[in-house]
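The structure appears right after this line, and notes come after that.
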Amino acid sequence: MYDLTSQPVNMINSSPPLLHHYGELARLPPQVPTPERNDLPDGTVLMEEYGQLPLIDLSCLSSTNEKVRLACADAICRASSEWGFFQVVNHGISPELIRNMRREQVKLFQTPFDKKATCGVLNNSYRWGTPTATCPKQFSWSEAFHIPISKVFEQACYGEFSSLREVMVEFAAAMSKLARLLAGVLAENVGHPRGVFESTCQESNCFLRLNRYPACPISSEISGLVPHTDSDYLTILSQDEVGGLQLMKDSKWVAVKPNPDALIVNIGDLSQTQNNDNIMILLL
């Protein structure tokens, strides 16, 4: 999955009714949910500290020096096993393309809420909050579009958002290429041929997700996304300068400082099952 995450500009009329829904869950007046230890692994420390994810230069994978290539692949596999997350630079996605995608994302989220919810743009994939939440601690303070890559190329998905289609098609193609490269390295590490995902990883089961986390007037402790693991094979995240990504490492929440030159790779459950690891992530 390819995840483009951003914090908001001031978009009063475009914001979904998160406060109202949260208030209903909290049986007004809304209260800040208190994390319960039963929701987290035993021994979890409910605190955060800033940490530096492993940083990997992907240009080394195309080096003419075999030792350099192997060392880069080893760094990817080691970071996947020890952290479940790592950052990549020289990844082949141009800064201009990322800027263009962010610009179109902001324009899309600035659309009035009623229109976003009813116009059917991006395969009618607009979602906000947590419809299945039964209590405040299950509620995510966010809105998102979650579209299969196979639909990204269909003009009918865009309606009047014509400039969005041009950028998303290019962005999805570039991210797909990067994802296949990383998946191939991970596959080789467990004894599979590098091209094993070419036949099994189809566009219909790969997704591009656009996230927005509006400012929360209740508390900065409300989660943009509740603590979770990603159920896919891997996620590539483009984080904005605001930050907010946290992950659990050695029973502590670690806040990830944004790096404008890097993309973040998250190894999901389908890959973690190979070594019985379990990595949780939290987005605020």
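The chains in the structure tokens are called A, B, ... from first to last as shown; in each chain the residues are counted from 1, and the ligands are counted from 1 in the order shown.
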>> Applying 10 Å and only C-alpha atoms, which residues near segment 167-171 of chain A remain after dropping the ones on its own chain fewer than 3 positions away? List them as a PyMOL selection string.
In response: chain A and resi 2+93-94+97-98+100-105+149+151-154+162-164+174-176+208
Convert the current residue selection to file output with C-alpha atoms, as a PDB file, in the first residue's frame.
```
ATOM      1  CA  TYR A   2       1.212   3.508  -0.744  1.00  0.00           C
ATOM      2  CA  ILE A  93      10.444   9.097  -6.753  1.00  0.00           C
ATOM      3  CA  SER A  94      11.183  12.669  -7.770  1.00  0.00           C
ATOM      4  CA  LEU A  97       6.194  14.338  -8.245  1.00  0.00           C
ATOM      5  CA  ILE A  98       5.711  14.131  -4.465  1.00  0.00           C
ATOM      6  CA  ASN A 100       2.526  17.623  -7.144  1.00  0.00           C
ATOM      7  CA  MET A 101       0.775  14.733  -5.411  1.00  0.00           C
ATOM      8  CA  ARG A 102       0.578  16.689  -2.157  1.00  0.00           C
ATOM      9  CA  ARG A 103      -0.817  19.714  -3.991  1.00  0.00           C
ATOM     10  CA  GLU A 104      -3.572  17.628  -5.562  1.00  0.00           C
ATOM     11  CA  GLN A 105      -4.257  15.902  -2.250  1.00  0.00           C
ATOM     12  CA  ILE A 149      -4.244   0.791  -8.006  1.00  0.00           C
ATOM     13  CA  LYS A 151      -8.865   1.980 -10.415  1.00  0.00           C
ATOM     14  CA  VAL A 152      -6.290   4.775 -10.423  1.00  0.00           C
ATOM     15  CA  PHE A 153      -6.004   4.514 -14.208  1.00  0.00           C
ATOM     16  CA  GLU A 154      -9.774   4.717 -14.856  1.00  0.00           C
ATOM     17  CA  SER A 162      -8.939  15.998 -13.960  1.00  0.00           C
ATOM     18  CA  SER A 163      -5.588  17.317 -12.706  1.00  0.00           C
ATOM     19  CA  LEU A 164      -5.687  14.756  -9.889  1.00  0.00           C
ATOM     20  CA  ALA A 174       6.366   5.145  -9.541  1.00  0.00           C
ATOM     21  CA  MET A 175       5.321   3.779  -6.147  1.00  0.00           C
ATOM     22  CA  SER A 176       4.422   0.397  -7.668  1.00  0.00           C
ATOM     23  CA  LEU A 208      -3.024   4.076  -2.835  1.00  0.00           C
TER      24      LEU A 208
END
```
>> So that I can check the surroundings of segment 144-146 of chain A, please list as number ranges by chain every protein, DNA and RNA residue that reaches within 8 Å of it, counting only C-alpha atoms and ignoring chain neighbours fewer than 5 positions away.
In response: A: 122, 125-128, 207-212
Those same residues - N, CA and C atoms - I'd like them written as a PDB file, in the first residue's frame.
```pdb
ATOM      1  N   LEU A 122     -12.714   8.914  -6.867  1.00  0.00           N
ATOM      2  CA  LEU A 122     -11.761   7.866  -6.501  1.00  0.00           C
ATOM      3  C   LEU A 122     -12.467   6.585  -6.061  1.00  0.00           C
ATOM      4  N   SER A 125     -14.364   6.017  -2.585  1.00  0.00           N
ATOM      5  CA  SER A 125     -13.571   5.430  -1.495  1.00  0.00           C
ATOM      6  C   SER A 125     -13.388   6.357  -0.302  1.00  0.00           C
ATOM      7  N   TYR A 126     -14.098   7.484  -0.278  1.00  0.00           N
ATOM      8  CA  TYR A 126     -13.930   8.432   0.823  1.00  0.00           C
ATOM      9  C   TYR A 126     -14.451   7.850   2.132  1.00  0.00           C
ATOM     10  N   ARG A 127     -13.629   7.954   3.180  1.00  0.00           N
ATOM     11  CA  ARG A 127     -14.003   7.490   4.511  1.00  0.00           C
ATOM     12  C   ARG A 127     -13.519   8.500   5.546  1.00  0.00           C
ATOM     13  N   TRP A 128     -14.203   8.545   6.685  1.00  0.00           N
ATOM     14  CA  TRP A 128     -13.755   9.425   7.764  1.00  0.00           C
ATOM     15  C   TRP A 128     -14.117   8.791   9.101  1.00  0.00           C
ATOM     16  N   PHE A 207      -3.018  -0.795  -3.095  1.00  0.00           N
ATOM     17  CA  PHE A 207      -3.837   0.386  -2.864  1.00  0.00           C
ATOM     18  C   PHE A 207      -2.986   1.643  -2.715  1.00  0.00           C
ATOM     19  N   LEU A 208      -3.588   2.762  -3.095  1.00  0.00           N
ATOM     20  CA  LEU A 208      -3.024   4.076  -2.835  1.00  0.00           C
ATOM     21  C   LEU A 208      -3.957   4.774  -1.852  1.00  0.00           C
ATOM     22  N   ARG A 209      -3.425   5.188  -0.725  1.00  0.00           N
ATOM     23  CA  ARG A 209      -4.243   5.794   0.321  1.00  0.00           C
ATOM     24  C   ARG A 209      -3.805   7.240   0.542  1.00  0.00           C
ATOM     25  N   LEU A 210      -4.775   8.142   0.528  1.00  0.00           N
ATOM     26  CA  LEU A 210      -4.548   9.550   0.850  1.00  0.00           C
ATOM     27  C   LEU A 210      -5.154   9.817   2.219  1.00  0.00           C
ATOM     28  N   ASN A 211      -4.350  10.266   3.162  1.00  0.00           N
ATOM     29  CA  ASN A 211      -4.809  10.518   4.522  1.00  0.00           C
ATOM     30  C   ASN A 211      -4.731  11.997   4.871  1.00  0.00           C
ATOM     31  N   ARG A 212      -5.668  12.452   5.678  1.00  0.00           N
ATOM     32  CA  ARG A 212      -5.607  13.775   6.283  1.00  0.00           C
ATOM     33  C   ARG A 212      -6.021  13.655   7.741  1.00  0.00           C
TER      34      ARG A 212
END
```
Check which residues of segment 57-94 of chain A sit at most 12 Å from segment 244-262 of chain A using only C-alpha atoms, and return one row each with the closest pair of atoms and their distance in Å to one decimal, ordered by chain and rising number, as a tab-separated table.
```
residue	atom	partner	partner_atom	distance
A:Asp57	CA	A:Ala262	CA	9.4
A:Leu58	CA	A:Ala262	CA	10.6
A:Ser81	CA	A:Lys249	CA	11.7
A:Glu82	CA	A:Lys249	CA	8.9
A:Trp83	CA	A:Lys249	CA	7.0
A:Gly84	CA	A:Lys249	CA	9.1
A:Phe85	CA	A:Leu247	CA	8.5
A:Phe86	CA	A:Ala262	CA	9.6
A:Gln87	CA	A:Ala262	CA	5.9
A:Val88	CA	A:Ala262	CA	5.3
A:Val89	CA	A:Ala262	CA	4.8
A:Asn90	CA	A:Ala262	CA	7.9
A:His91	CA	A:Ala262	CA	8.0
A:Gly92	CA	A:Ala262	CA	10.7
A:Ile93	CA	A:Ala262	CA	9.8
A:Ser94	CA	A:Asp261	CA	9.8
```
>> Please return, as an NGL selection string, all residues of segment 17-177 of chain A that DSSP assigns to alpha helix (DSSP H) on the basis of the backbone.
In response: :A and (18-25 or 66-82 or 95-109 or 113-118 or 121-124 or 149-152 or 162-177)
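Distance check against Pro112 of chain A using only C-alpha atoms: of A:Ser15, A:Thr130, A:Ser219, A:Ser238, the minimum falls on A:Ser15.
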> Hey, what's within 12 Å of segment 16-27 of chain A if we count only C-alpha atoms and toss same-chain stuff fewer than 6 positions away? As a VMD selection string, please?
Replying inline: chain A and resid 33 to 34 109 to 117 126 to 144 212 to 219 222 to 224
>> One number please: atom CA of Ala172 of chain A to atom CA of Cys119 of chain A, in Å, one decimal.
In response: 22.1 Å
> Pick from A:Cys60, A:Val242, A:Ile236, A:Val226: nearest to Leu263 of chain A, with only C-alpha atoms counted?
Replying inline: A:Ile236
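Atom CA of Asn123 of chain A lies 8.1 Å from atom CA of Tyr158 of chain A.
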>> I'd like to know which residues of segment 21-219 of chain A are strand (DSSP E or B) (by DSSP, run on the backbone); could you write them as a VMD selection string?
In response: chain A and resid 45 to 51 55 to 57 85 to 89 126 to 128 143 to 148 207 to 212
Keeping only C-alpha atoms, write those residues as a compact mmCIF listing (two decimals), in the first residue's frame.
```
# COMPACT_ATOMS: atom_id res chain seq x y z
CA VAL A 45 5.51 1.98 28.38
CA LEU A 46 2.95 4.69 27.64
CA MET A 47 5.44 7.34 26.66
CA GLU A 48 7.17 8.49 23.52
CA GLU A 49 10.67 9.44 22.53
CA TYR A 50 12.15 10.61 19.26
CA GLY A 51 14.07 7.99 17.38
CA LEU A 55 18.18 5.04 6.75
CA ILE A 56 18.96 3.11 3.57
CA ASP A 57 20.30 4.48 0.28
CA PHE A 85 10.18 0.15 9.63
CA PHE A 86 12.96 1.94 7.79
CA GLN A 87 13.54 5.05 5.70
CA VAL A 88 14.79 5.05 2.12
CA VAL A 89 16.53 7.79 0.13
CA TYR A 126 -13.93 8.43 0.82
CA ARG A 127 -14.00 7.49 4.51
CA TRP A 128 -13.76 9.42 7.76
CA GLU A 143 -10.35 11.24 6.75
CA ALA A 144 -9.03 9.28 3.80
CA PHE A 145 -9.39 7.96 0.27
CA HIS A 146 -8.35 4.32 -0.21
CA ILE A 147 -8.32 3.32 -3.87
CA PRO A 148 -7.10 0.13 -5.62
CA PHE A 207 -3.84 0.39 -2.86
CA LEU A 208 -3.02 4.08 -2.84
CA ARG A 209 -4.24 5.79 0.32
CA LEU A 210 -4.55 9.55 0.85
CA ASN A 211 -4.81 10.52 4.52
CA ARG A 212 -5.61 13.77 6.28
```
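Here atom CA of Lys107 of chain A is placed at a distance of 21.9 Å from atom CA of Leu225 of chain A.
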